[in-house]
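Participant: Contents of data.cif (mmCIF, C-alpha atoms, pLDDT in the B column; chains and numbers go by the auth columns) are below:
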```cif
data_target
loop_
_atom_site.group_PDB
_atom_site.id
_atom_site.type_symbol
_atom_site.label_atom_id
_atom_site.label_comp_id
_atom_site.label_asym_id
_atom_site.label_seq_id
_atom_site.Cartn_x
_atom_site.Cartn_y
_atom_site.Cartn_z
_atom_site.B_iso_or_equiv
_atom_site.auth_seq_id
_atom_site.auth_asym_id
ATOM 1 C CA MET A 1 77.593 -26.075 -60.178 45.00 12 A
ATOM 2 C CA THR A 2 77.089 -22.456 -59.246 48.00 13 A
ATOM 3 C CA ASP A 3 73.409 -22.643 -60.170 48.00 14 A
ATOM 4 C CA ALA A 4 72.870 -25.669 -57.953 46.00 15 A
ATOM 5 C CA THR A 5 74.467 -23.937 -54.949 47.00 16 A
ATOM 6 C CA SER A 6 72.365 -20.795 -55.377 47.00 17 A
ATOM 7 C CA GLY A 7 69.276 -22.942 -55.871 47.00 18 A
ATOM 8 C CA ASP A 8 69.860 -24.656 -52.495 46.00 19 A
ATOM 9 C CA ARG A 9 70.080 -21.294 -50.741 46.00 20 A
ATOM 10 C CA ALA A 10 66.862 -20.150 -52.392 45.00 21 A
ATOM 11 C CA ARG A 11 65.045 -23.280 -51.271 46.00 22 A
ATOM 12 C CA THR A 12 66.117 -23.039 -47.628 46.00 23 A
ATOM 13 C CA GLY A 13 65.441 -19.309 -47.417 47.00 24 A
ATOM 14 C CA SER A 14 68.964 -18.612 -46.173 48.00 25 A
ATOM 15 C CA THR A 15 70.494 -15.272 -47.016 51.00 26 A
ATOM 16 C CA ALA A 16 73.684 -16.013 -45.116 52.00 27 A
ATOM 17 C CA GLN A 17 77.103 -16.030 -46.662 54.00 28 A
ATOM 18 C CA PRO A 18 78.258 -19.226 -48.329 53.00 29 A
ATOM 19 C CA THR A 19 78.923 -21.941 -45.764 61.00 30 A
ATOM 20 C CA GLY A 20 82.233 -23.008 -47.190 70.00 31 A
ATOM 21 C CA ALA A 21 85.251 -21.614 -45.327 72.00 32 A
ATOM 22 C CA LYS A 22 88.445 -20.825 -47.167 85.00 33 A
ATOM 23 C CA GLY A 23 90.625 -22.185 -44.401 87.00 34 A
ATOM 24 C CA PRO A 24 90.771 -23.145 -40.748 88.00 35 A
ATOM 25 C CA ASP A 25 91.067 -19.513 -39.540 90.00 36 A
ATOM 26 C CA GLU A 26 87.981 -18.503 -41.508 90.00 37 A
ATOM 27 C CA LEU A 27 86.124 -21.504 -40.120 90.00 38 A
ATOM 28 C CA ARG A 28 87.098 -20.587 -36.521 91.00 39 A
ATOM 29 C CA ARG A 29 85.924 -17.010 -37.113 92.00 40 A
ATOM 30 C CA GLN A 30 82.572 -18.221 -38.442 92.00 41 A
ATOM 31 C CA ILE A 31 82.171 -20.567 -35.482 92.00 42 A
ATOM 32 C CA GLU A 32 82.882 -17.750 -33.003 93.00 43 A
ATOM 33 C CA GLN A 33 80.425 -15.455 -34.794 93.00 44 A
ATOM 34 C CA THR A 34 77.743 -18.154 -34.727 94.00 45 A
ATOM 35 C CA ARG A 35 78.369 -18.822 -31.019 93.00 46 A
ATOM 36 C CA SER A 36 78.057 -15.135 -30.253 93.00 47 A
ATOM 37 C CA GLN A 37 74.777 -14.857 -32.174 94.00 48 A
ATOM 38 C CA LEU A 38 73.394 -17.967 -30.471 93.00 49 A
ATOM 39 C CA GLY A 39 74.429 -16.621 -27.053 92.00 50 A
ATOM 40 C CA ASP A 40 72.600 -13.336 -27.736 91.00 51 A
ATOM 41 C CA THR A 41 69.523 -15.233 -28.905 92.00 52 A
ATOM 42 C CA VAL A 42 69.527 -17.498 -25.824 91.00 53 A
ATOM 43 C CA GLU A 43 69.929 -14.449 -23.574 88.00 54 A
ATOM 44 C CA GLU A 44 66.960 -12.705 -25.240 88.00 55 A
ATOM 45 C CA LEU A 45 64.812 -15.816 -24.914 88.00 56 A
ATOM 46 C CA ALA A 46 65.753 -16.228 -21.246 84.00 57 A
ATOM 47 C CA GLY A 47 64.841 -12.608 -20.614 80.00 58 A
ATOM 48 C CA LYS A 48 61.450 -13.088 -22.270 82.00 59 A
ATOM 49 C CA ALA A 49 60.820 -16.267 -20.294 83.00 60 A
ATOM 50 C CA ASP A 50 61.590 -14.549 -16.939 84.00 61 A
ATOM 51 C CA VAL A 51 58.090 -13.152 -16.336 84.00 62 A
ATOM 52 C CA LYS A 52 58.697 -12.541 -12.631 87.00 63 A
ATOM 53 C CA GLY A 53 61.879 -10.573 -13.326 84.00 64 A
ATOM 54 C CA ARG A 54 60.172 -8.507 -16.024 84.00 65 A
ATOM 55 C CA ALA A 55 57.262 -7.761 -13.684 89.00 66 A
ATOM 56 C CA LYS A 56 59.657 -6.614 -10.947 91.00 67 A
ATOM 57 C CA ALA A 57 61.518 -4.390 -13.392 90.00 68 A
ATOM 58 C CA ARG A 58 58.233 -2.898 -14.620 91.00 69 A
ATOM 59 C CA ALA A 59 57.061 -2.286 -11.040 94.00 70 A
ATOM 60 C CA ALA A 60 60.342 -0.556 -10.188 94.00 71 A
ATOM 61 C CA ASP A 61 60.016 1.606 -13.302 94.00 72 A
ATOM 62 C CA LEU A 62 56.453 2.580 -12.362 94.00 73 A
ATOM 63 C CA ARG A 63 57.552 3.391 -8.784 94.00 74 A
ATOM 64 C CA ASP A 64 60.264 5.667 -10.132 94.00 75 A
ATOM 65 C CA LYS A 65 57.802 7.422 -12.429 93.00 76 A
ATOM 66 C CA ALA A 66 55.281 7.833 -9.581 92.00 77 A
ATOM 67 C CA GLY A 67 57.976 9.273 -7.321 92.00 78 A
ATOM 68 C CA ALA A 68 59.038 11.747 -9.990 92.00 79 A
ATOM 69 C CA MET A 69 55.418 12.751 -10.579 92.00 80 A
ATOM 70 C CA THR A 70 54.893 13.227 -6.822 92.00 81 A
ATOM 71 C CA VAL A 71 57.880 15.548 -6.641 91.00 82 A
ATOM 72 C CA GLN A 72 56.614 17.485 -9.650 92.00 83 A
ATOM 73 C CA LEU A 73 53.079 17.806 -8.220 90.00 84 A
ATOM 74 C CA ARG A 74 54.385 18.952 -4.839 90.00 85 A
ATOM 75 C CA SER A 75 56.529 21.555 -6.534 89.00 86 A
ATOM 76 C CA SER A 76 53.559 22.777 -8.590 90.00 87 A
ATOM 77 C CA ALA A 77 51.347 22.932 -5.484 89.00 88 A
ATOM 78 C CA ALA A 78 53.980 24.872 -3.549 89.00 89 A
ATOM 79 C CA HIS A 79 54.360 27.309 -6.423 87.00 90 A
ATOM 80 C CA ALA A 80 50.584 27.762 -6.630 88.00 91 A
ATOM 81 C CA GLY A 81 50.417 28.316 -2.870 86.00 92 A
ATOM 82 C CA HIS A 82 53.069 31.010 -3.029 83.00 93 A
ATOM 83 C CA THR A 83 51.265 32.682 -5.916 88.00 94 A
ATOM 84 C CA VAL A 84 47.957 32.700 -4.024 87.00 95 A
ATOM 85 C CA GLN A 85 49.678 34.000 -0.901 86.00 96 A
ATOM 86 C CA GLU A 86 51.278 36.847 -2.852 85.00 97 A
ATOM 87 C CA LYS A 87 47.969 37.784 -4.497 83.00 98 A
ATOM 88 C CA ALA A 88 46.145 37.697 -1.144 84.00 99 A
ATOM 89 C CA GLY A 89 48.807 39.922 0.389 81.00 100 A
ATOM 90 C CA ARG A 90 48.512 42.402 -2.467 82.00 101 A
ATOM 91 C CA ALA A 91 44.703 42.371 -2.180 82.00 102 A
ATOM 92 C CA GLY A 92 44.932 42.979 1.570 77.00 103 A
ATOM 93 C CA HIS A 93 47.260 45.937 1.105 75.00 104 A
ATOM 94 C CA SER A 94 45.034 47.301 -1.631 77.00 105 A
ATOM 95 C CA ALA A 95 41.938 47.006 0.585 72.00 106 A
ATOM 96 C CA GLU A 96 43.775 48.582 3.498 69.00 107 A
ATOM 97 C CA GLU A 97 44.694 51.562 1.344 72.00 108 A
ATOM 98 C CA ARG A 98 41.060 52.035 0.280 72.00 109 A
ATOM 99 C CA VAL A 99 39.613 52.033 3.833 63.00 110 A
ATOM 100 C CA PRO A 100 39.218 55.580 5.170 63.00 111 A
ATOM 101 C CA ASP A 101 41.366 56.644 8.111 60.00 112 A
ATOM 102 C CA ARG A 102 38.504 56.955 10.627 60.00 113 A
ATOM 103 C CA PRO A 103 37.364 53.277 10.585 61.00 114 A
ATOM 104 C CA ARG A 104 40.978 52.144 10.413 60.00 115 A
ATOM 105 C CA GLY A 105 41.695 54.146 13.568 63.00 116 A
ATOM 106 C CA ALA A 106 38.644 52.676 15.297 63.00 117 A
ATOM 107 C CA VAL A 107 39.803 49.169 14.523 65.00 118 A
ATOM 108 C CA ARG A 108 43.302 49.918 15.806 67.00 119 A
ATOM 109 C CA SER A 109 41.951 51.461 19.007 66.00 120 A
ATOM 110 C CA GLY A 110 39.636 48.469 19.480 62.00 121 A
ATOM 111 C CA LEU A 111 42.560 46.107 19.154 67.00 122 A
ATOM 112 C CA GLY A 112 44.178 47.940 22.032 68.00 123 A
ATOM 113 C CA ARG A 113 41.139 47.242 24.261 71.00 124 A
ATOM 114 C CA PRO A 114 40.331 43.528 24.139 73.00 125 A
ATOM 115 C CA ARG A 115 37.691 43.709 26.896 75.00 126 A
ATOM 116 C CA VAL A 116 35.663 46.231 24.902 73.00 127 A
ATOM 117 C CA LEU A 117 35.826 43.993 21.815 68.00 128 A
ATOM 118 C CA LEU A 118 34.812 40.981 23.902 76.00 129 A
ATOM 119 C CA ALA A 119 31.813 42.845 25.331 79.00 130 A
ATOM 120 C CA ALA A 120 30.768 44.050 21.860 80.00 131 A
ATOM 121 C CA GLY A 121 31.028 40.509 20.474 80.00 132 A
ATOM 122 C CA ALA A 122 28.969 39.123 23.367 83.00 133 A
ATOM 123 C CA ALA A 123 26.304 41.777 22.804 85.00 134 A
ATOM 124 C CA CYS A 124 26.100 40.869 19.100 81.00 135 A
ATOM 125 C CA ALA A 125 25.798 37.175 19.917 86.00 136 A
ATOM 126 C CA LEU A 126 23.104 37.830 22.524 86.00 137 A
ATOM 127 C CA GLY A 127 21.148 40.022 20.095 85.00 138 A
ATOM 128 C CA THR A 128 21.353 37.373 17.375 88.00 139 A
ATOM 129 C CA ALA A 129 20.210 34.619 19.734 85.00 140 A
ATOM 130 C CA THR A 130 17.292 36.759 20.951 87.00 141 A
ATOM 131 C CA GLY A 131 16.252 37.477 17.363 85.00 142 A
ATOM 132 C CA VAL A 132 16.332 33.803 16.414 83.00 143 A
ATOM 133 C CA LEU A 133 14.274 32.812 19.436 83.00 144 A
ATOM 134 C CA ALA A 134 11.690 35.519 18.754 83.00 145 A
ATOM 135 C CA TYR A 135 11.413 34.456 15.123 80.00 146 A
ATOM 136 C CA ARG A 136 10.849 30.818 16.112 79.00 147 A
ATOM 137 C CA HIS A 137 8.332 31.826 18.786 77.00 148 A
ATOM 138 C CA GLN A 138 6.189 33.498 16.143 78.00 149 A
ATOM 139 C CA GLY A 139 5.773 30.150 14.408 68.00 150 A
ATOM 140 C CA HIS A 140 8.366 30.446 11.603 61.00 151 A
ATOM 141 C CA ARG A 141 10.131 27.158 12.122 56.00 152 A
#
```
With the file now loaded, output its structure as structure tokens.

Facilitator:
Amino acid sequence: MTDATSGDRARTGSTAQPTGAKGPDELRRQIEQTRSQLGDTVEELAGKADVKGRAKARAADLRDKAGAMTVQLRSSAAHAGHTVQEKAGRAGHSAEERVPDRPRGAVRSGLGRPRVLLAAGAACALGTATGVLAYRHQGHR
């Protein structure tokens, strides 16, 4: 008899425990276990069948990832901006230290006289315009 029972299990492909219960309590326990497994299976299948819900969940996940990446990129850009600003400041101080005192004094005195700087700028612009017109007049267009 034992061989016939094991042969039936081999034919059906079942690897489950023997189906015979040793009493009503064991049978109730097996029924509850089977119900629980079937409930999990039905829940998984329902989740797979809910395409719209899965798409919404995926879209929300992608939005969260995009938001996190935006925050990270903004932080990186701000850090890079501060680094560039620091380097530019150091380069400006370094250049200022290398400029001789005489031109530095001339620039400072010019900043104190805005009309003189305005007149000098106008003279440069007028000279440049005159040069361009003369060059074009000679036929170099």

Participant: What's the separation between CA of Arg74 (chain A) and CA of Ala89 (chain A), in Å to one decimal place?

Facilitator: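 These atoms are spaced 22.4 Å apart.
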
Participant: Please return the centre and edge lengths, in Å to one decimal, of a box with edges along x, y and z that contains all listed atoms of region 63-79 of chain A, widened by 6 Å on every side, as lines of an AutoDock Vina configuration file.

Facilitator:
```
center_x = 58.6
center_y = -0.4
center_z = -11.7
size_x = 18.6
size_y = 36.3
size_z = 20.7
```

Participant: One decimal, in Å: what's the spacing between CA of Gly132 (chain A) and CA of Gln96 (chain A)?

Facilitator: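 Between CA of Gly132 (chain A) and CA of Gln96 (chain A) the gap is 29.1 Å.
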
Participant: Quick check, in Å to one decimal: how far apart do CA of Val53 (chain A) and CA of Pro35 (chain A) lie?

Facilitator: 26.6 Å
